[in-house]
>>> print(open('input16.txt').read())   # compact mmCIF, C-alpha atoms and all ligand atoms
# COMPACT_ATOMS: atom_id res chain seq x y z
CA MET A 12 0.00 0.00 0.00
CA VAL A 13 1.23 3.52 -0.83
CA GLN A 14 1.50 5.60 2.35
CA SER A 15 0.77 9.33 2.21
CA SER A 16 2.24 11.80 4.64
CA MET A 17 -0.04 14.18 6.57
CA VAL A 18 2.55 16.92 6.16
CA PRO A 19 1.83 19.19 3.18
CA GLU A 20 4.72 19.44 0.74
CA PRO A 21 5.42 22.59 -1.28
CA CYS A 22 4.85 21.83 -4.96
CA ARG A 23 5.62 24.19 -7.81
CA VAL A 24 2.94 25.28 -10.26
CA LEU A 25 4.38 24.62 -13.72
CA GLU A 26 1.53 26.04 -15.73
CA ALA A 27 -1.81 27.74 -15.05
CA ILE A 28 -4.27 27.43 -17.92
CA ARG A 29 -7.53 29.37 -17.70
CA GLN A 30 -10.48 27.20 -18.71
CA THR A 31 -13.42 29.51 -18.03
CA PRO A 32 -13.79 32.76 -16.02
CA LYS A 33 -14.30 30.58 -12.88
CA GLU A 34 -11.94 27.68 -13.49
CA VAL A 35 -8.22 27.20 -13.94
CA LEU A 36 -6.24 24.06 -14.76
CA LEU A 37 -2.99 23.84 -12.81
CA VAL A 38 -0.12 21.65 -13.95
CA VAL A 39 1.86 20.92 -10.78
CA ALA A 40 5.18 19.24 -9.97
CA ALA A 41 4.35 16.11 -7.95
CA PRO A 42 5.38 15.74 -4.28
CA GLN A 43 8.71 13.96 -3.93
CA GLN A 44 8.98 12.95 -0.27
CA ALA A 45 6.98 9.75 -0.80
CA PRO A 46 5.97 7.85 -3.93
CA PHE A 47 3.14 9.78 -5.59
CA GLN A 48 1.14 7.12 -7.44
CA PRO A 49 -2.52 8.13 -7.41
CA GLU A 50 -5.33 6.10 -8.95
CA PRO A 51 -8.31 7.52 -10.86
CA GLY A 52 -10.93 8.79 -8.39
CA GLN A 53 -8.44 9.90 -5.72
CA PHE A 54 -7.88 13.45 -4.48
CA VAL A 55 -5.25 15.60 -2.76
CA MET A 56 -5.54 18.13 0.06
CA VAL A 57 -4.27 21.48 -1.23
CA SER A 58 -3.38 24.44 0.96
CA LEU A 59 -1.84 27.89 1.07
CA PRO A 60 -0.16 28.79 4.38
CA GLY A 61 -2.38 30.92 6.62
CA ILE A 62 -5.33 30.65 4.24
CA GLY A 63 -6.78 27.15 4.43
CA GLU A 64 -6.92 23.72 2.91
CA ALA A 65 -9.36 21.99 0.53
CA PRO A 66 -9.78 18.64 -1.21
CA LEU A 67 -9.29 18.74 -4.98
CA SER A 68 -9.67 15.78 -7.32
CA LEU A 69 -6.73 14.67 -9.39
CA ALA A 70 -7.62 15.78 -12.91
CA ALA A 71 -4.59 14.05 -14.47
CA LEU A 72 -2.22 11.42 -13.08
CA PRO A 73 1.56 11.42 -13.55
CA GLY A 74 2.55 9.78 -16.82
CA GLU A 75 -1.02 9.33 -18.07
CA GLY A 76 -1.36 12.02 -20.73
CA THR A 77 0.77 14.24 -18.51
CA PRO A 78 4.57 14.04 -18.04
CA GLU A 79 5.94 11.78 -15.29
CA GLY A 80 6.50 13.78 -12.09
CA THR A 81 3.55 16.10 -12.72
CA PHE A 82 -0.18 16.05 -12.05
CA GLU A 83 -3.11 18.37 -12.76
CA LEU A 84 -5.87 20.03 -10.79
CA LEU A 85 -8.95 21.80 -12.07
CA VAL A 86 -9.85 24.52 -9.58
CA ARG A 87 -13.15 26.38 -9.47
CA LYS A 88 -13.40 29.62 -7.48
CA ALA A 89 -15.70 28.88 -4.55
CA GLY A 90 -14.31 30.70 -1.51
CA ARG A 91 -11.19 32.17 0.04
CA LEU A 92 -8.72 29.38 -0.71
CA THR A 93 -9.88 28.46 -4.18
CA ASN A 94 -10.05 32.16 -5.18
CA LEU A 95 -6.36 32.47 -4.38
CA VAL A 96 -5.41 29.12 -5.90
CA THR A 97 -7.02 30.10 -9.22
CA ARG A 98 -4.75 33.18 -9.24
CA LEU A 99 -1.50 31.23 -8.92
CA VAL A 100 0.91 31.54 -11.83
CA ALA A 101 3.77 29.35 -13.06
CA GLY A 102 6.64 29.28 -10.59
CA GLU A 103 4.52 29.83 -7.46
CA LEU A 104 4.01 27.20 -4.77
CA LEU A 105 0.99 25.43 -3.43
CA TYR A 106 1.05 22.85 -0.64
CA VAL A 107 -0.10 19.31 -1.26
CA ARG A 108 -0.67 16.20 0.82
CA GLY A 109 -2.03 12.94 -0.48
CA PRO A 110 -3.09 11.21 -2.64
CA TYR A 111 -6.07 10.23 -0.52
CA GLY A 112 -9.22 8.21 -0.99
CA ARG A 113 -9.98 4.67 -1.91
CA ARG A 114 -7.83 2.96 -4.50
CA VAL A 115 -10.34 0.93 -6.47
CA ALA A 116 -8.66 -1.95 -8.30
CA TRP A 117 -8.63 -0.79 -11.93
CA ASP A 118 -9.22 -4.26 -13.38
CA GLN A 119 -12.82 -4.05 -12.11
CA PHE A 120 -13.50 -1.56 -14.91
CA GLU A 121 -11.97 -3.63 -17.70
CA GLY A 122 -13.17 -6.40 -19.99
CA SER A 123 -16.48 -5.07 -21.20
CA ASN A 124 -18.28 -1.97 -22.43
CA LEU A 125 -17.34 1.14 -20.48
CA MET A 126 -19.59 4.16 -20.06
CA LEU A 127 -17.99 7.27 -18.56
CA ILE A 128 -20.38 10.05 -17.57
CA ALA A 129 -19.54 13.56 -16.33
CA GLY A 130 -21.68 16.53 -15.42
CA GLY A 131 -20.08 19.99 -15.01
CA LEU A 132 -17.04 20.02 -12.74
CA GLY A 133 -17.35 16.21 -12.56
CA LEU A 134 -15.24 16.05 -15.72
CA ALA A 135 -12.20 16.83 -13.53
CA PRO A 136 -12.30 13.54 -11.53
CA LEU A 137 -13.59 11.62 -14.58
CA ARG A 138 -10.73 12.73 -16.85
CA PRO A 139 -8.16 10.24 -15.44
CA PHE A 140 -10.66 7.42 -16.11
CA VAL A 141 -11.05 8.51 -19.75
CA ARG A 142 -7.32 8.93 -20.22
CA ARG A 143 -6.43 5.58 -18.69
CA ALA A 144 -9.17 3.75 -20.62
CA LEU A 145 -7.87 5.23 -23.89
CA LEU A 146 -4.28 4.34 -22.96
CA ARG A 147 -5.39 0.73 -22.37
CA ARG A 148 -7.94 0.74 -25.19
CA GLU A 149 -7.47 -2.93 -26.10
CA ARG A 150 -8.84 -4.04 -22.73
CA PHE A 151 -12.35 -2.72 -23.41
CA ARG A 152 -15.07 -3.34 -25.96
CA HIS A 153 -17.00 -0.11 -26.59
CA ILE A 154 -16.12 3.07 -24.73
CA ASP A 155 -18.78 5.77 -24.49
CA VAL A 156 -17.98 9.13 -22.89
CA LEU A 157 -21.01 11.28 -22.10
CA ILE A 158 -20.46 14.86 -21.00
CA GLY A 159 -22.96 17.49 -19.93
CA ALA A 160 -22.57 21.16 -19.02
CA ARG A 161 -25.03 23.89 -18.14
CA ASN A 162 -24.09 25.91 -21.23
CA PRO A 163 -21.34 25.83 -23.88
CA ASP A 164 -19.28 28.47 -22.05
CA GLU A 165 -18.95 26.12 -19.07
CA LEU A 166 -17.53 23.18 -21.03
CA LEU A 167 -14.18 22.22 -19.52
CA PHE A 168 -11.09 20.59 -21.04
CA ARG A 169 -11.92 21.61 -24.62
CA ALA A 170 -8.54 20.40 -25.93
CA ASP A 171 -9.18 16.92 -24.48
CA LEU A 172 -12.71 16.86 -25.86
CA ALA A 173 -11.40 17.65 -29.34
CA SER A 174 -8.69 14.98 -29.17
CA TRP A 175 -11.03 12.34 -27.73
CA LYS A 176 -13.61 13.10 -30.42
CA ALA A 177 -10.92 12.74 -33.08
CA ARG A 178 -10.34 9.11 -31.96
CA ARG A 179 -13.67 8.17 -33.47
CA ASP A 180 -12.87 4.46 -33.85
CA ASP A 181 -11.75 4.15 -30.24
CA ALA A 182 -14.44 5.90 -28.30
CA ARG A 183 -17.71 7.67 -28.79
CA VAL A 184 -17.74 11.09 -27.15
CA LEU A 185 -21.12 12.79 -26.83
CA LEU A 186 -21.71 16.27 -25.50
CA THR A 187 -24.85 18.06 -24.44
CA VAL A 188 -25.69 21.38 -22.78
CA ASP A 189 -28.77 22.30 -20.75
CA ALA A 190 -29.09 25.63 -22.54
CA ALA A 191 -27.39 26.76 -25.77
CA SER A 192 -25.73 30.04 -26.58
CA ASP A 193 -24.91 31.62 -29.95
CA GLY A 194 -22.81 29.37 -32.17
CA TRP A 195 -23.62 26.08 -30.40
CA GLY A 196 -24.52 23.54 -33.04
CA GLY A 197 -24.56 20.56 -30.72
CA ARG A 198 -27.15 18.77 -28.64
CA ILE A 199 -29.34 20.52 -26.09
CA GLY A 200 -30.82 18.60 -23.16
CA VAL A 201 -29.85 16.99 -19.86
CA ILE A 202 -27.21 14.29 -19.90
CA THR A 203 -29.64 11.36 -19.79
CA THR A 204 -30.90 12.39 -23.25
CA LEU A 205 -27.58 10.97 -24.55
CA PHE A 206 -28.26 7.53 -23.13
CA ASP A 207 -30.34 6.50 -26.15
CA GLN A 208 -27.26 6.78 -28.36
CA VAL A 209 -24.90 4.50 -26.45
CA HIS A 210 -24.17 0.84 -27.07
CA PRO A 211 -27.06 -1.18 -25.76
CA GLU A 212 -25.22 -4.35 -24.68
CA THR A 213 -25.01 -3.88 -20.93
CA GLU A 214 -24.11 -7.45 -19.93
CA ASP A 215 -21.20 -6.89 -17.54
CA ALA A 216 -20.88 -3.26 -18.70
CA VAL A 217 -19.41 -0.73 -16.26
CA ALA A 218 -20.45 2.89 -15.76
CA VAL A 219 -18.42 5.51 -13.89
CA MET A 220 -20.11 8.84 -13.12
CA CYS A 221 -18.91 12.10 -11.64
CA GLY A 222 -21.35 14.95 -11.23
CA PRO A 223 -24.00 16.50 -9.01
CA PRO A 224 -26.51 14.40 -6.99
CA VAL A 225 -29.40 15.42 -9.26
CA MET A 226 -27.56 13.89 -12.22
CA TYR A 227 -26.95 10.68 -10.25
CA ARG A 228 -30.62 10.29 -9.37
CA HIS A 229 -31.73 10.40 -13.02
CA ALA A 230 -28.74 8.58 -14.49
CA ILE A 231 -28.87 5.67 -12.03
CA ARG A 232 -32.53 5.07 -12.77
CA ARG A 233 -31.77 4.94 -16.50
CA LEU A 234 -28.69 2.73 -16.12
CA LEU A 235 -30.50 0.17 -13.98
CA ALA A 236 -33.38 0.15 -16.46
CA MET A 237 -30.82 -0.48 -19.24
CA GLY A 238 -29.63 -3.58 -17.35
CA PHE A 239 -26.51 -2.37 -15.54
CA TYR A 240 -25.77 -4.25 -12.32
CA GLU A 241 -25.74 -2.12 -9.14
CA ASN A 242 -22.18 -3.14 -8.33
CA ARG A 243 -20.98 -2.06 -11.78
CA VAL A 244 -22.27 1.49 -11.56
CA TRP A 245 -19.63 3.67 -9.88
CA LEU A 246 -19.96 7.26 -8.70
CA THR A 247 -17.97 9.82 -6.73
CA LEU A 248 -19.55 11.53 -3.73
CA GLU A 249 -18.60 14.89 -2.26
CA ARG A 250 -18.83 16.18 1.26
CA ARG A 251 -16.97 18.92 3.11
CA MET A 252 -13.65 17.46 4.25
CA LYS A 253 -11.08 18.58 6.77
CA CYS A 254 -8.47 15.92 7.43
CA GLY A 255 -8.94 13.73 4.35
CA VAL A 256 -7.78 10.62 6.20
CA GLY A 257 -10.62 9.42 8.41
CA LEU A 258 -9.76 11.34 11.60
CA CYS A 259 -12.10 14.34 11.94
CA GLY A 260 -15.47 12.86 10.98
CA ASN A 261 -16.38 15.92 8.86
CA CYS A 262 -17.10 13.90 5.74
CA GLN A 263 -19.19 11.24 7.45
CA MET A 264 -22.45 10.21 5.81
CA ASN A 265 -24.45 7.60 7.72
CA GLY A 266 -21.28 6.11 9.14
CA LEU A 267 -19.38 6.11 5.84
CA TYR A 268 -16.18 8.13 5.78
CA LEU A 269 -16.20 9.56 2.29
CA CYS A 270 -12.55 10.60 2.42
CA GLN A 271 -11.28 7.09 3.17
CA GLN A 272 -13.96 4.67 2.04
CA GLY A 273 -14.68 6.85 -1.03
CA PRO A 274 -15.11 9.23 -2.68
CA LEU A 275 -15.56 6.53 -5.38
CA PHE A 276 -18.28 4.03 -4.52
CA SER A 277 -20.35 1.47 -6.36
CA TYR A 278 -24.06 2.26 -6.34
CA ARG A 279 -24.67 -0.94 -4.39
CA GLU A 280 -22.51 0.43 -1.56
CA VAL A 281 -24.37 3.74 -1.25
CA ARG A 282 -27.89 3.11 -2.50
CA HIS A 283 -29.20 3.39 1.09
CA LEU A 284 -27.87 6.97 1.43
CA SER A 285 -30.84 9.08 0.40
CA GLU A 286 -28.87 12.31 0.83
CA ALA A 287 -26.26 11.09 -1.66
CA VAL A 288 -28.16 9.43 -4.50
C1 LIG B 301 -13.40 14.75 -2.73
C2 LIG B 301 -13.60 16.16 -3.24
C3 LIG B 301 -13.06 16.52 -4.46
C4 LIG B 301 -13.19 17.84 -4.93
N1 LIG B 301 -12.64 18.15 -6.13
C5 LIG B 301 -12.69 19.42 -6.57
C6 LIG B 301 -12.04 19.78 -7.80
O1 LIG B 301 -11.43 18.95 -8.49
N2 LIG B 301 -12.09 21.08 -8.18
C7 LIG B 301 -12.75 22.03 -7.44
O2 LIG B 301 -12.74 23.20 -7.83
N3 LIG B 301 -13.40 21.71 -6.29
C8 LIG B 301 -13.37 20.44 -5.83
N4 LIG B 301 -13.99 20.12 -4.64
C9 LIG B 301 -14.69 21.19 -3.89
C10 LIG B 301 -13.65 22.03 -3.13
O3 LIG B 301 -13.02 21.22 -2.15
C11 LIG B 301 -14.33 23.25 -2.45
O4 LIG B 301 -14.80 24.12 -3.45
C12 LIG B 301 -13.33 23.97 -1.57
O5 LIG B 301 -13.17 23.23 -0.37
C13 LIG B 301 -13.79 25.36 -1.22
O6 LIG B 301 -12.81 25.92 -0.35
P1 LIG B 301 -12.67 27.48 -0.19
O7 LIG B 301 -11.85 27.77 1.03
O8 LIG B 301 -12.24 28.13 -1.45
O9 LIG B 301 -14.16 27.97 0.05
P2 LIG B 301 -15.05 27.88 1.36
O10 LIG B 301 -15.17 29.28 1.87
O11 LIG B 301 -14.60 26.83 2.30
O12 LIG B 301 -16.40 27.42 0.70
C14 LIG B 301 -17.02 28.17 -0.36
C15 LIG B 301 -18.38 27.57 -0.64
O13 LIG B 301 -18.22 26.24 -1.16
C16 LIG B 301 -19.00 25.33 -0.39
N5 LIG B 301 -18.27 24.03 -0.34
C17 LIG B 301 -17.07 23.78 0.19
N6 LIG B 301 -16.76 22.47 0.06
C18 LIG B 301 -17.77 21.90 -0.59
C19 LIG B 301 -18.08 20.58 -1.02
N7 LIG B 301 -17.26 19.55 -0.79
N8 LIG B 301 -19.24 20.37 -1.65
C20 LIG B 301 -20.10 21.39 -1.89
N9 LIG B 301 -19.88 22.64 -1.50
C21 LIG B 301 -18.75 22.90 -0.85
C22 LIG B 301 -19.12 25.98 0.95
O14 LIG B 301 -20.25 25.52 1.65
C23 LIG B 301 -19.26 27.45 0.60
O15 LIG B 301 -20.58 27.75 0.23
C24 LIG B 301 -13.90 18.81 -4.16
C25 LIG B 301 -14.45 18.44 -2.93
C26 LIG B 301 -14.31 17.13 -2.48
C27 LIG B 301 -14.90 16.74 -1.16
S1 LIG B 302 -12.40 14.46 6.17
FE1 LIG B 302 -11.87 13.98 8.18
S2 LIG B 302 -12.77 12.03 8.43
FE2 LIG B 302 -13.08 12.44 6.33
>>> encode(input="input16.txt", output="structure tokens", more="lines below")
Ligand SMILES: Cc1cc2nc3c(=O)[nH]c(=O)nc-3n(C[C@H](O)[C@H](O)[C@H](O)COP(=O)(O)OP(=O)(O)OC[C@H]3O[C@@H](n4cnc5c(N)ncnc54)[C@H](O)[C@@H]3O)c2cc1C
Ligand code: FES
Amino acid sequence: MVQSSMVPEPCRVLEAIRQTPKEVLLVVAAPQQAPFQPEPGQFVMVSLPGIGEAPLSLAALPGEGTPEGTFELLVRKAGRLTNLVTRLVAGELLYVRGPYGRRVAWDQFEGSNLMLIAGGLGLAPLRPFVRRALLRRERFRHIDVLIGARNPDELLFRADLASWKARRDDARVLLTVDAASDGWGGRIGVITTLFDQVHPETEDAVAVMCGPPVMYRHAIRRLLAMGFYENRVWLTLERRMKCGVGLCGNCQMNGLYLCQQGPLFSYREVRHLSEAV
């Protein structure tokens, strides 16, 4: 097992790429004091001295579409810390501890059809799943990537979307927005309107979803109706976190510690949590 220190390590921002007026993608030099080998679905605790600390999902893993020794974070301005983090520029430091969260054995996702679903900011934690699945393309049958945003201006990772769409034979990438703006020639509607277009064979298929609870409620109903098994529908849950390692109890939901036992769960594990799904 990879141990993570509780002591934040200063890590240099290598690049800060504005995605939208509210969101910035940071390319960061990975911590060096312990092996930094995150899995898709994990997160890090990020801090600035004297300001605060917050959990942020890993939006790219070292060596998986990103150079070895670096990782990426997609940061949305929400409050004091994230406002300052989105203003960092190349060369400045932010403090990182982790990776934290459950390490789900990747082979559980392989061997069948894979459906990857992201709503809004959920594309940040979902991106390492898409990247790894495309890197190991031969281990899957069909790959469908379904992405929804509130409007075209809020679509994240446009460069990735273009390159994933260009790999037409490898994966089907479908986008939709809740409301269009000028120049949008794509689909309009909530994300479940894309479900009719995906490959129908669901025997042993796996779905991984990252997005808001309202998306989960509708998407889960559709997936189960399509024949997905409850233990093969995966989703990430969010809760306010303080320690990130199962000590403070802040992230507890009905006895589940989201920081340690999650944030990635199968639907079967959390279907009893009405506040989550
Ligand atoms: C596992 C996990 C992964 C996350 N990944 C990302 C990510 O990749 N990118 C990103 O931009 N944000 C992510 N977040 C949310 C991020 O942690 C919060 O936006 C951040 O803590 C806000 O800190 P702040 O000091 O800037 O604002 P604060 O002043 O602490 O909060 C600003 C506002 O955000 C709300 N808020 C804080 N945390 C959460 C939360 N967990 N869920 C809903 N509302 C919250 C507060 O209630 C308040 O209204 C993630 C959260 C979790 C639990
Ligand atoms: S954040 Fe402290 S126990 Fe989960």
>>> residues_near_ligand(input="input16.txt", ligand="ligand LIG 301 (chain B)", cutoff="8 Å", atoms="all atoms listed in the file", output="PyMOL selection string")
chain A and resi 34+53-54+62-70+84-95+112+132-133+135-136+247-252+262+269-270+274
>>> residues_near_ligand(input="input16.txt", ligand="ligand LIG 302 (chain B)", cutoff="7 Å", atoms="only C-alpha atoms and all ligand atoms", output="ChimeraX atom specification")
/A:252-263,268-271
>>> residues_around(input="input16.txt", residues="region 229-245 of chain A", least_positions_apart="2", cutoff="9 Å", atoms="only C-alpha atoms", output="list in words")
Gln119, Phe120, Ile202, Thr203, Phe206, Pro211, Glu212, Thr213, Glu214, Asp215, Ala216, Val217, Ala218, Val219, Met220, Cys221, Pro224, Val225, Met226, Tyr227, Thr247, Leu275, Phe276, Ser277, Tyr278, Arg279, Glu280, Arg282 and Val288 of chain A
>>> residues_around(input="input16.txt", residues="Ile199 (chain A)", least_positions_apart="2", cutoff="6 Å", atoms="all atoms listed in the file", output="PyMOL selection string")
chain A and resi 187-189
>>> atom_distance(input="input16.txt", atom1="CA of Gln44 (chain A)", atom2="CA of Thr81 (chain A)")
13.9 Å
>>> residues_around(input="input16.txt", residues="Ala144 (chain A)", least_positions_apart="6", cutoff="10 Å", atoms="all atoms listed in the file", output="MDAnalysis selection string")
chainID A and resid 117 120:121 125 127 138 150:151 154 181:182
>>> atom_distance(input="input16.txt", atom1="CA of Ala71 (chain A)", atom2="CA of Pro49 (chain A)")
9.4 Å
>>> closest_residue(input="input16.txt", among="A:Leu205, A:Leu246, A:Ala177, A:Val35", to="Gly159 (chain A)", atoms="only C-alpha atoms")
A:Leu205
>>> atom_distance(input="input16.txt", atom1="CA of His153 (chain A)", atom2="CA of Arg178 (chain A)")
12.6 Å
>>> closest_residue(input="input16.txt", among="A:Gly109, A:Gly266, A:Pro139, A:Pro223", to="Leu284 (chain A)", atoms="only C-alpha atoms")
A:Gly266
>>> closest_residue(input="input16.txt", among="A:Arg179, A:Arg143, A:Arg108, A:His283", to="Cys22 (chain A)", atoms="all atoms listed in the file")
A:Arg108
>>> residues_near_point(input="input16.txt", point="(-2.3, 14.7, 1.4)", cutoff="8 Å", atoms="only C-alpha atoms", output="number ranges by chain")
A: 15-19, 55-57, 107-111, 255
>>> residues_around(input="input16.txt", residues="Leu185 (chain A)", least_positions_apart="5", cutoff="10 Å", atoms="only C-alpha atoms", output="VMD selection string")
chain A and resid 128 155 to 159 172 176 197 to 198 202 205 to 206 208 to 209
>>> decode(input="input16.txt", residues="region 116-138 of chain A", atoms="N, CA and C atoms", output="compact mmCIF listing (two decimals), in the first residue's frame")
# COMPACT_ATOMS: atom_id res chain seq x y z
N ALA A 116 -9.47 -1.15 -7.37
CA ALA A 116 -8.66 -1.95 -8.30
C ALA A 116 -9.15 -1.71 -9.73
N TRP A 117 -8.26 -1.21 -10.57
CA TRP A 117 -8.63 -0.79 -11.93
C TRP A 117 -9.22 -1.93 -12.74
N ASP A 118 -8.75 -3.17 -12.50
CA ASP A 118 -9.22 -4.26 -13.38
C ASP A 118 -10.73 -4.50 -13.26
N GLN A 119 -11.36 -3.93 -12.21
CA GLN A 119 -12.82 -4.05 -12.11
C GLN A 119 -13.54 -3.32 -13.24
N PHE A 120 -12.85 -2.35 -13.86
CA PHE A 120 -13.50 -1.56 -14.91
C PHE A 120 -13.28 -2.17 -16.29
N GLU A 121 -12.38 -3.15 -16.37
CA GLU A 121 -11.97 -3.63 -17.70
C GLU A 121 -12.76 -4.85 -18.16
N GLY A 122 -12.66 -5.14 -19.46
CA GLY A 122 -13.17 -6.40 -19.99
C GLY A 122 -14.52 -6.31 -20.66
N SER A 123 -15.13 -5.15 -20.65
CA SER A 123 -16.48 -5.07 -21.20
C SER A 123 -16.70 -3.69 -21.80
N ASN A 124 -17.97 -3.34 -22.00
CA ASN A 124 -18.28 -1.97 -22.43
C ASN A 124 -18.10 -1.03 -21.25
N LEU A 125 -17.58 0.16 -21.54
CA LEU A 125 -17.34 1.14 -20.48
C LEU A 125 -18.09 2.41 -20.83
N MET A 126 -18.85 2.92 -19.84
CA MET A 126 -19.59 4.16 -20.06
C MET A 126 -19.10 5.16 -19.01
N LEU A 127 -18.55 6.26 -19.46
CA LEU A 127 -17.99 7.27 -18.56
C LEU A 127 -18.85 8.52 -18.68
N ILE A 128 -19.35 8.99 -17.54
CA ILE A 128 -20.38 10.05 -17.57
C ILE A 128 -19.96 11.19 -16.64
N ALA A 129 -19.94 12.42 -17.18
CA ALA A 129 -19.54 13.56 -16.33
C ALA A 129 -20.51 14.71 -16.51
N GLY A 130 -20.87 15.31 -15.38
CA GLY A 130 -21.68 16.53 -15.42
C GLY A 130 -20.88 17.66 -14.82
N GLY A 131 -20.74 18.79 -15.53
CA GLY A 131 -20.08 19.99 -15.01
C GLY A 131 -18.66 19.73 -14.55
N LEU A 132 -18.38 20.16 -13.32
CA LEU A 132 -17.04 20.02 -12.74
C LEU A 132 -16.64 18.55 -12.58
N GLY A 133 -17.62 17.65 -12.67
CA GLY A 133 -17.35 16.21 -12.56
C GLY A 133 -16.39 15.71 -13.63
N LEU A 134 -16.19 16.49 -14.70
CA LEU A 134 -15.24 16.05 -15.72
C LEU A 134 -13.80 16.05 -15.17
N ALA A 135 -13.56 16.83 -14.10
CA ALA A 135 -12.20 16.83 -13.53
C ALA A 135 -11.86 15.44 -12.96
N PRO A 136 -12.64 14.89 -12.01
CA PRO A 136 -12.30 13.54 -11.53
C PRO A 136 -12.50 12.44 -12.57
N LEU A 137 -13.38 12.67 -13.57
CA LEU A 137 -13.59 11.62 -14.58
C LEU A 137 -12.45 11.55 -15.59
N ARG A 138 -11.76 12.66 -15.80
CA ARG A 138 -10.73 12.73 -16.85
C ARG A 138 -9.66 11.64 -16.72
